[in-house]
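This is work.tsv (TSV, C-alpha atoms and all ligand atoms).
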chain	number	residue	atom	x	y	z
A	23	MET	CA	162.65	58.37	110.92
A	24	THR	CA	160.64	60.27	108.31
A	25	ARG	CA	156.93	60.19	108.99
A	26	SER	CA	154.80	58.64	106.28
A	27	LEU	CA	152.35	61.10	104.71
A	28	LEU	CA	149.34	60.73	102.43
A	29	LEU	CA	148.24	63.15	99.72
A	30	VAL	CA	144.80	62.54	98.25
A	31	GLY	CA	144.08	64.39	95.01
A	32	ASN	CA	140.38	65.12	94.59
A	33	TRP	CA	139.79	65.97	90.96
A	34	LYS	CA	136.10	66.75	91.54
A	35	MET	CA	134.32	67.07	88.16
A	36	ASN	CA	137.53	67.54	86.15
A	37	HIS	CA	139.53	65.32	83.78
A	38	GLY	CA	137.55	62.99	81.55
A	39	PRO	CA	139.08	59.59	80.59
A	40	ARG	CA	141.43	61.03	77.97
A	41	ALA	CA	142.75	63.78	80.24
A	42	ALA	CA	143.05	61.26	83.09
A	43	ARG	CA	145.24	58.98	80.95
A	44	THR	CA	147.50	61.88	80.01
A	45	PHE	CA	147.73	62.98	83.65
A	46	CYS	CA	148.74	59.48	84.78
A	47	ALA	CA	151.39	59.03	82.09
A	48	ASP	CA	152.94	62.39	83.07
A	49	PHE	CA	152.59	61.83	86.79
A	50	GLU	CA	154.27	58.42	86.66
A	51	ARG	CA	157.42	60.04	85.24
A	52	HIS	CA	158.02	61.88	88.51
A	53	LYS	CA	160.26	60.34	91.12
A	54	LEU	CA	158.44	60.87	94.40
A	55	PRO	CA	159.72	60.48	97.95
A	56	THR	CA	158.89	56.97	99.17
A	57	HIS	CA	157.36	58.15	102.44
A	58	VAL	CA	154.72	60.25	100.62
A	59	ARG	CA	151.86	58.24	99.15
A	60	CYS	CA	149.78	59.94	96.46
A	61	TRP	CA	146.23	58.75	95.89
A	62	ILE	CA	143.95	60.06	93.16
A	63	ALA	CA	140.16	60.44	93.18
A	64	PRO	CA	138.99	61.07	89.59
A	65	PRO	CA	135.32	61.37	88.62
A	66	PHE	CA	133.50	58.00	88.30
A	67	SER	CA	133.68	58.21	84.52
A	68	SER	CA	137.50	58.32	84.55
A	69	LEU	CA	138.11	55.47	87.00
A	70	ALA	CA	138.53	52.88	84.23
A	71	ALA	CA	141.22	55.06	82.64
A	72	LEU	CA	143.38	54.62	85.72
A	73	GLN	CA	143.23	50.82	85.62
A	74	ASP	CA	146.20	50.56	83.28
A	75	HIS	CA	148.36	52.62	85.59
A	76	THR	CA	149.27	49.94	88.07
A	77	SER	CA	151.62	52.14	90.08
A	78	LEU	CA	148.80	54.47	91.08
A	79	ILE	CA	146.36	54.11	93.94
A	80	TYR	CA	142.98	55.57	93.08
A	81	GLY	CA	139.49	55.77	94.46
A	82	ALA	CA	136.09	57.37	94.01
A	83	GLN	CA	134.57	60.61	95.23
A	84	ASN	CA	131.45	58.95	96.61
A	85	VAL	CA	129.61	55.63	96.98
A	86	HIS	CA	126.05	54.57	97.72
A	87	TRP	CA	125.27	52.45	100.75
A	88	ALA	CA	122.99	49.95	99.04
A	89	ALA	CA	124.33	46.87	97.30
A	90	GLU	CA	122.20	47.59	94.22
A	91	GLY	CA	118.75	48.82	93.26
A	92	ALA	CA	116.70	51.74	92.03
A	93	PHE	CA	119.08	54.60	92.90
A	94	THR	CA	119.46	56.65	89.72
A	95	GLY	CA	122.81	58.36	89.49
A	96	GLU	CA	124.44	56.43	92.31
A	97	VAL	CA	127.31	53.90	92.27
A	98	ASN	CA	127.77	50.92	94.59
A	99	ALA	CA	130.90	49.72	96.38
A	100	ASP	CA	131.18	46.48	94.39
A	101	SER	CA	131.44	48.43	91.12
A	102	LEU	CA	134.19	50.58	92.57
A	103	ILE	CA	136.09	47.52	93.73
A	104	GLU	CA	135.67	45.94	90.30
A	105	LEU	CA	137.19	49.10	88.80
A	106	GLY	CA	140.22	48.78	91.07
A	107	CYS	CA	139.40	51.44	93.62
A	108	SER	CA	141.20	51.27	96.96
A	109	PHE	CA	139.33	54.03	98.70
A	110	VAL	CA	136.38	56.36	98.57
A	111	ILE	CA	135.84	59.93	99.77
A	112	CYS	CA	132.65	60.32	101.85
A	113	GLY	CA	130.94	63.41	103.20
A	114	HIS	CA	132.82	65.98	101.14
A	115	SER	CA	131.42	69.47	101.85
A	116	GLU	CA	130.41	69.90	98.19
A	117	ARG	CA	128.27	66.75	98.49
A	118	ARG	CA	126.76	68.08	101.69
A	119	ASN	CA	126.21	71.68	100.53
A	120	LEU	CA	125.34	71.28	96.87
A	121	PHE	CA	123.68	67.86	96.77
A	122	GLY	CA	121.80	67.64	100.02
A	123	GLU	CA	123.88	65.03	101.77
A	124	ASN	CA	123.81	65.14	105.52
A	125	ASP	CA	125.62	63.61	108.48
A	126	GLU	CA	123.54	60.44	108.33
A	127	SER	CA	123.86	59.77	104.60
A	128	ALA	CA	127.60	60.52	104.64
A	129	ALA	CA	128.04	58.10	107.51
A	130	LYS	CA	125.94	55.40	105.80
A	131	ARG	CA	128.11	55.69	102.70
A	132	ALA	CA	131.24	55.38	104.84
A	133	GLU	CA	129.91	52.26	106.55
A	134	ALA	CA	129.00	50.57	103.28
A	135	ALA	CA	132.44	51.27	101.83
A	136	ILE	CA	134.45	50.15	104.81
A	137	THR	CA	132.35	47.01	105.22
A	138	LYS	CA	133.28	46.09	101.64
A	139	GLY	CA	136.96	46.72	102.32
A	140	LEU	CA	137.31	50.15	100.74
A	141	ASN	CA	139.38	52.64	102.73
A	142	VAL	CA	137.34	55.73	103.56
A	143	VAL	CA	138.45	59.36	103.54
A	144	PHE	CA	135.68	60.89	105.65
A	145	CYS	CA	135.43	64.69	105.44
A	146	VAL	CA	134.40	66.90	108.31
A	147	GLY	CA	134.62	70.65	108.69
A	148	GLU	CA	132.92	73.74	110.02
A	149	THR	CA	131.28	76.62	108.12
A	150	SER	CA	132.61	80.13	108.67
A	151	ALA	CA	129.47	80.93	110.67
A	152	GLU	CA	130.16	77.98	112.96
A	153	ARG	CA	133.79	79.07	113.39
A	154	ASN	CA	132.87	82.70	114.04
A	155	SER	CA	130.32	81.74	116.67
A	156	GLY	CA	132.74	79.41	118.48
A	157	HIS	CA	131.02	76.22	117.32
A	158	THR	CA	133.85	74.58	115.39
A	159	GLN	CA	134.30	71.68	117.80
A	160	ALA	CA	130.58	71.08	118.08
A	161	ALA	CA	130.27	70.93	114.28
A	162	LEU	CA	133.12	68.44	113.97
A	163	GLN	CA	131.77	66.27	116.76
A	164	ARG	CA	128.26	66.26	115.30
A	165	GLN	CA	129.60	65.02	111.96
A	166	LEU	CA	131.80	62.38	113.58
A	167	ALA	CA	129.04	61.25	115.91
A	168	ALA	CA	127.11	59.99	112.89
A	169	LEU	CA	129.76	57.36	112.20
A	170	SER	CA	128.52	53.94	113.26
A	171	ALA	CA	130.27	51.55	115.64
A	172	ASN	CA	130.75	49.24	112.64
A	173	THR	CA	132.65	51.94	110.79
A	174	LEU	CA	134.77	52.87	113.77
A	175	GLY	CA	135.44	49.26	114.71
A	176	SER	CA	136.09	47.85	111.27
A	177	ASN	CA	139.43	46.24	110.61
A	178	LYS	CA	138.59	45.39	106.99
A	179	ALA	CA	139.76	48.78	105.75
A	180	LYS	CA	141.09	52.05	107.05
A	181	LEU	CA	139.09	55.04	108.21
A	182	ILE	CA	140.93	58.27	107.45
A	183	ILE	CA	139.48	61.62	108.52
A	184	ALA	CA	139.98	64.74	106.43
A	185	TYR	CA	139.55	67.96	108.37
A	186	GLU	CA	138.36	70.44	105.76
A	187	PRO	CA	137.06	73.77	107.05
A	188	ILE	CA	134.31	74.54	104.54
A	189	TRP	CA	135.38	78.18	104.27
A	190	ALA	CA	138.86	77.05	103.20
A	191	VAL	CA	137.76	74.78	100.34
A	192	GLY	CA	138.37	76.44	96.98
A	193	THR	CA	138.92	79.87	98.50
A	194	ASP	CA	142.68	80.34	98.97
A	195	ARG	CA	142.04	80.92	102.63
A	196	THR	CA	143.48	78.54	105.22
A	197	PRO	CA	143.26	78.29	108.97
A	198	ASN	CA	146.43	79.04	110.89
A	199	ILE	CA	148.52	76.24	112.35
A	200	ARG	CA	147.05	76.63	115.83
A	201	GLU	CA	143.53	76.36	114.43
A	202	ILE	CA	144.46	73.18	112.54
A	203	GLU	CA	146.06	71.71	115.66
A	204	ALA	CA	143.00	72.53	117.75
A	205	ALA	CA	140.59	70.97	115.24
A	206	HIS	CA	142.73	67.86	114.89
A	207	ALA	CA	143.01	67.54	118.68
A	208	SER	CA	139.25	67.70	119.00
A	209	ILE	CA	138.81	65.03	116.30
A	210	GLN	CA	141.41	62.80	117.99
A	211	LYS	CA	139.74	63.24	121.36
A	212	PHE	CA	136.32	62.39	120.01
A	213	LEU	CA	137.57	59.26	118.25
A	214	ALA	CA	139.62	58.15	121.25
A	215	GLY	CA	136.42	58.38	123.29
A	216	ARG	CA	134.90	55.88	120.83
A	217	GLY	CA	137.86	53.54	121.26
A	218	LYS	CA	139.58	54.60	118.05
A	219	SER	CA	142.97	56.02	118.90
A	220	GLU	CA	145.08	55.40	115.80
A	221	VAL	CA	143.43	57.43	113.06
A	222	ASP	CA	145.21	59.34	110.33
A	223	ILE	CA	143.79	62.85	110.07
A	224	LEU	CA	144.46	64.86	106.92
A	225	TYR	CA	144.05	68.57	106.40
A	226	GLY	CA	142.18	69.84	103.32
A	227	GLY	CA	141.24	73.25	101.91
A	228	SER	CA	143.40	75.42	99.63
A	229	VAL	CA	146.54	73.32	100.04
A	230	ASN	CA	149.21	74.41	97.56
A	231	THR	CA	152.96	74.42	97.03
A	232	SER	CA	153.38	77.49	99.28
A	233	ASN	CA	151.65	76.14	102.38
A	234	ILE	CA	151.98	72.33	102.28
A	235	ALA	CA	155.31	72.16	104.12
A	236	GLU	CA	154.07	74.20	107.04
A	237	ILE	CA	150.76	72.33	107.25
A	238	CYS	CA	152.30	68.87	107.04
A	239	ALA	CA	154.91	69.79	109.65
A	240	VAL	CA	152.10	69.75	112.23
A	241	THR	CA	152.53	66.48	114.12
A	242	SER	CA	148.84	65.56	114.03
A	243	VAL	CA	148.58	66.13	110.27
A	244	ALA	CA	148.99	62.84	108.40
A	245	GLY	CA	148.79	64.44	104.97
A	246	ALA	CA	146.44	66.48	102.83
A	247	LEU	CA	143.29	66.30	100.75
A	248	VAL	CA	144.03	68.45	97.73
A	249	GLY	CA	141.65	69.84	95.12
A	250	ARG	CA	142.98	72.38	92.61
A	251	ALA	CA	146.67	71.68	93.21
A	252	SER	CA	146.14	68.01	92.28
A	253	LEU	CA	144.82	68.73	88.79
A	254	GLU	CA	148.18	69.13	87.06
A	255	PRO	CA	150.65	66.24	87.30
A	256	ASP	CA	153.61	68.57	87.91
A	257	SER	CA	151.93	70.52	90.68
A	258	PHE	CA	150.61	67.37	92.43
A	259	ALA	CA	154.06	65.77	92.21
A	260	GLU	CA	155.63	69.00	93.46
A	261	LEU	CA	153.53	68.82	96.64
A	262	ALA	CA	155.01	65.40	97.38
A	263	LYS	CA	158.55	66.50	96.53
A	264	ILE	CA	158.32	69.48	98.86
A	265	LEU	CA	157.69	66.99	101.68
A	266	ALA	CA	160.86	64.98	100.88
B	1	LIG	P1	140.93	72.87	97.17
B	1	LIG	O1	139.86	71.70	97.40
B	1	LIG	O2	142.30	72.26	97.47
B	1	LIG	O3	140.79	73.26	95.74
B	1	LIG	O4	140.60	73.96	98.13
B	1	LIG	C1	140.02	70.83	98.50
B	1	LIG	C2	138.91	69.82	98.55
B	1	LIG	O5	137.77	70.14	98.18
B	1	LIG	O6	139.12	68.67	98.95
Represent the structure contained in this file as structure tokens.
Ligand code: PGA
Amino acid sequence: MTRSLLLVGNWKMNHGPRAARTFCADFERHKLPTHVRCWIAPPFSSLAALQDHTSLIYGAQNVHWAAEGAFTGEVNADSLIELGCSFVICGHSERRNLFGENDESAAKRAEAAITKGLNVVFCVGETSAERNSGHTQAALQRQLAALSANTLGSNKAKLIIAYEPIWAVGTDRTPNIREIEAAHASIQKFLAGRGKSEVDILYGGSVNTSNIAEICAVTSVAGALVGRASLEPDSFAELAKILA
């Protein structure tokens, strides 16, 4: 039986509403393998543009933990649900490194989303300094340890982990297969120790049409979180077709 795989396209701060509409119309023309699900995370401002495209699953790149209030620049889970979001990315390394998010705030965002029934793609990954000093596992475990029992135990929505080595995001560098397997094994072990044994773990960081087949052939890899290669409808669709 063919394993089901998930590709999450993270558009980051690209594609305004008009470009998002054009992307969706083009993307929907592709015939994709049924066992590969493609989700899209546009910027907040383009979420409404995806509402007309009923065949597409989409979500947001972040969420605030509070229900509402004086939090300039933030967006709550209810608004995302109202806009038709199915999931939210939490703890992306760009949020952590460029906007001061930390393990605790990323985990609080994840808890708020999952409690409201939004699936969460929770990103963890080591810096190159952590890898070079042999602290990859410790870094992953520290980030995962912030997740609350409510998040881990929730059956309202799915918790998906994206293993994204920070040095591989946007760089065209990727870990080798053994390094991906080792990181995934350490994530699985940590979660199993918290009573969570069935978790999909994605790989993210410089995924493209040349490396996706090899990466997704790894048994513990449930799919990929894709940045640049998700920006063009043909290249995002191609990633799914390669996995057919
Ligand atoms: P990239 O981004 O595929 O462009 O490296 C991945 C990500 O940030 O999720």
One decimal, in Å: what's the spacing between CA of Arg164 (chain A) and CA of Asn233 (chain A)?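 Straight-line distance from CA of Arg164 (chain A) to CA of Asn233 (chain A) works out to 28.5 Å.
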Could you list the protein, DNA and RNA residues that have any atom within 8 Å of ligand LIG 1 (chain B), counting only C-alpha atoms and all ligand atoms, and write them as a list in words?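 Those residues are Gly31, Asn32, Lys34, His114, Ser115, Glu116, Glu186, Ala190, Val191, Gly192, Thr193, Asp194, Gly226, Gly227, Ser228, Val229, Asn230, Leu247, Val248, Gly249, Arg250, Ala251 and Ser252 of chain A.
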For region 85-95 of chain A, work out the shell of residues within 9 Å, counting all atoms listed in the file and skipping chain neighbours fewer than 4 positions away, then give it as number ranges by chain. A: 99-100, 102, 110-112, 127, 130-135
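One finds CA of Pro197 (chain A) at 19.7 Å from CA of Leu28 (chain A).
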Residues within 8 Å of Ser219 (chain A), please, as a PyMOL selection string. Count all atoms listed in the file; anything in the same chain fewer than 4 positions from it doesn't count. chain A and resi 210+213-214
Could you check which of A:Trp61, A:Tyr80, A:Tyr185, A:Phe45 is closest to Gly113 (chain A), using all atoms listed in the file?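 Among the listed residues, A:Tyr185 lies closest to Gly113 (chain A).
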Can you tell me how far CA of Asn177 (chain A) sits from CA of Ile202 (chain A), in Å to one decimal?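 Atom-to-atom, CA of Asn177 (chain A) and CA of Ile202 (chain A) are spaced 27.5 Å apart.
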Name the residues in contact with region 69-73 of chain A at a cut-off of 6 Å, using only C-alpha atoms, excluding same-chain residues fewer than 2 positions from it; report them as a PyMOL selection string. chain A and resi 39+43+66-67+75
Take the residues from that selection and put them in a file with C-alpha atoms, as a PDB file, in the coordinates of the input.
ATOM      1  CA  PRO A  39     139.080  59.590  80.590  1.00  0.00           C
ATOM      2  CA  ARG A  43     145.240  58.980  80.950  1.00  0.00           C
ATOM      3  CA  PHE A  66     133.500  58.000  88.300  1.00  0.00           C
ATOM      4  CA  SER A  67     133.680  58.210  84.520  1.00  0.00           C
ATOM      5  CA  HIS A  75     148.360  52.620  85.590  1.00  0.00           C
TER       6      HIS A  75
END
Taking all atoms listed in the file into account, which of A:Thr44, A:Ser77, A:Thr137, A:Ser68 comes nearest Leu105 (chain A)?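 When distances to Leu105 (chain A) are compared using all atoms listed in the file, the smallest one comes from A:Ser68.
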Listing only residues of region 83-143 of chain A within 12 Å of region 149-161 of chain A, what is the closest atom pair and its distance in Å (to one decimal) for each, using all atoms listed in the file, sorted by chain and residue number ascending, as CSV?
residue,atom,partner,partner_atom,distance
A:Ser115,CA,A:Thr149,CA,9.5
A:Arg118,CA,A:Thr149,CA,11.6
A:Asn119,CA,A:Thr149,CA,10.4
A:Asp125,CA,A:Ala161,CA,10.4
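Using only C-alpha atoms, the shortest contact distance between Glu260 (chain A) and any of A:Ala167, A:Leu162, A:Ile234, A:Ala244 is found at A:Ile234.
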Nearest to Ile237 (chain A), restricted to all atoms listed in the file and choosing among A:Leu27, A:Arg51, A:Ala41, A:Leu120, comes out as A:Leu27
Under the rule that only C-alpha atoms are counted, which of A:Pro55, A:Gly122, A:Gly217, A:Pro65 is the nearest residue to Val97 (chain A)?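 With only C-alpha atoms as the atom set, the closest residue is A:Pro65.
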Mind checking which residues fall within 8 Å of Ala262 (chain A), counting all atoms listed in the file, ignoring those fewer than 2 positions away in the same chain, and posting them as a compact mmCIF listing (two decimals) with C-alpha atoms, keeping the file's coordinate frame?
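Output file part26.txt is given in full below:
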# COMPACT_ATOMS: atom_id res chain seq x y z
CA LEU A 29 148.24 63.15 99.72
CA LEU A 54 158.44 60.87 94.40
CA PRO A 55 159.72 60.48 97.95
CA VAL A 58 154.72 60.25 100.62
CA CYS A 60 149.78 59.94 96.46
CA PHE A 258 150.61 67.37 92.43
CA ALA A 259 154.06 65.77 92.21
CA GLU A 260 155.63 69.00 93.46
CA ILE A 264 158.32 69.48 98.86
CA LEU A 265 157.69 66.99 101.68
CA ALA A 266 160.86 64.98 100.88
When you count all atoms listed in the file, which of these residues is closest to Ser208 (chain A): A:Ile182, A:Cys107, A:Val146, A:Leu78?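 So, comparing all the options, the nearest one is A:Val146.
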Taking all atoms of region 66-78 of chain A that the file lists and extending 5 Å past them on each side, where is the centre of the axis-aligned box and how long are its edges? Answer in Å to one decimal, as AutoDock Vina command-line options.
--center_x 142.6 --center_y 54.1 --center_z 86.9 --size_x 28.1 --size_y 18.4 --size_z 18.4
Neighbour list for Ile183 (chain A) as a PyMOL selection string, cut-off 7 Å, only C-alpha atoms, skip fewer than 3 positions in-chain: chain A and resi 143-145+222-224
Provide region 142-156 of chain A rebuilt to N, CA and C atoms, formatted as a PDB file, in the coordinates of the input.
ATOM      1  N   VAL A 142     138.240  54.564 103.630  1.00  0.00           N
ATOM      2  CA  VAL A 142     137.340  55.730 103.560  1.00  0.00           C
ATOM      3  C   VAL A 142     138.078  56.993 103.977  1.00  0.00           C
ATOM      4  N   VAL A 143     137.972  58.025 103.158  1.00  0.00           N
ATOM      5  CA  VAL A 143     138.450  59.360 103.540  1.00  0.00           C
ATOM      6  C   VAL A 143     137.197  60.148 103.893  1.00  0.00           C
ATOM      7  N   PHE A 144     136.929  60.292 105.190  1.00  0.00           N
ATOM      8  CA  PHE A 144     135.680  60.890 105.650  1.00  0.00           C
ATOM      9  C   PHE A 144     135.921  62.362 105.985  1.00  0.00           C
ATOM     10  N   CYS A 145     135.189  63.249 105.293  1.00  0.00           N
ATOM     11  CA  CYS A 145     135.430  64.690 105.440  1.00  0.00           C
ATOM     12  C   CYS A 145     134.540  65.309 106.504  1.00  0.00           C
ATOM     13  N   VAL A 146     135.148  66.097 107.333  1.00  0.00           N
ATOM     14  CA  VAL A 146     134.400  66.900 108.310  1.00  0.00           C
ATOM     15  C   VAL A 146     134.951  68.315 108.296  1.00  0.00           C
ATOM     16  N   GLY A 147     134.121  69.269 108.653  1.00  0.00           N
ATOM     17  CA  GLY A 147     134.620  70.650 108.690  1.00  0.00           C
ATOM     18  C   GLY A 147     133.501  71.601 109.045  1.00  0.00           C
ATOM     19  N   GLU A 148     133.904  72.751 109.562  1.00  0.00           N
ATOM     20  CA  GLU A 148     132.920  73.740 110.020  1.00  0.00           C
ATOM     21  C   GLU A 148     132.706  74.823 108.962  1.00  0.00           C
ATOM     22  N   THR A 149     131.538  75.449 108.971  1.00  0.00           N
ATOM     23  CA  THR A 149     131.280  76.620 108.120  1.00  0.00           C
ATOM     24  C   THR A 149     131.950  77.833 108.776  1.00  0.00           C
ATOM     25  N   SER A 150     132.012  78.944 108.040  1.00  0.00           N
ATOM     26  CA  SER A 150     132.610  80.130 108.670  1.00  0.00           C
ATOM     27  C   SER A 150     131.700  80.643 109.778  1.00  0.00           C
ATOM     28  N   ALA A 151     130.384  80.484 109.604  1.00  0.00           N
ATOM     29  CA  ALA A 151     129.470  80.930 110.670  1.00  0.00           C
ATOM     30  C   ALA A 151     129.710  80.126 111.942  1.00  0.00           C
ATOM     31  N   GLU A 152     129.907  78.809 111.774  1.00  0.00           N
ATOM     32  CA  GLU A 152     130.160  77.980 112.960  1.00  0.00           C
ATOM     33  C   GLU A 152     131.476  78.387 113.623  1.00  0.00           C
ATOM     34  N   ARG A 153     132.503  78.648 112.803  1.00  0.00           N
ATOM     35  CA  ARG A 153     133.790  79.070 113.390  1.00  0.00           C
ATOM     36  C   ARG A 153     133.627  80.404 114.131  1.00  0.00           C
ATOM     37  N   ASN A 154     132.972  81.359 113.445  1.00  0.00           N
ATOM     38  CA  ASN A 154     132.870  82.700 114.040  1.00  0.00           C
ATOM     39  C   ASN A 154     132.038  82.713 115.315  1.00  0.00           C
ATOM     40  N   SER A 155     131.137  81.742 115.448  1.00  0.00           N
ATOM     41  CA  SER A 155     130.320  81.740 116.670  1.00  0.00           C
ATOM     42  C   SER A 155     130.878  80.762 117.709  1.00  0.00           C
ATOM     43  N   GLY A 156     132.102  80.288 117.481  1.00  0.00           N
ATOM     44  CA  GLY A 156     132.740  79.410 118.480  1.00  0.00           C
ATOM     45  C   GLY A 156     132.205  77.993 118.481  1.00  0.00           C
TER      46      GLY A 156
END
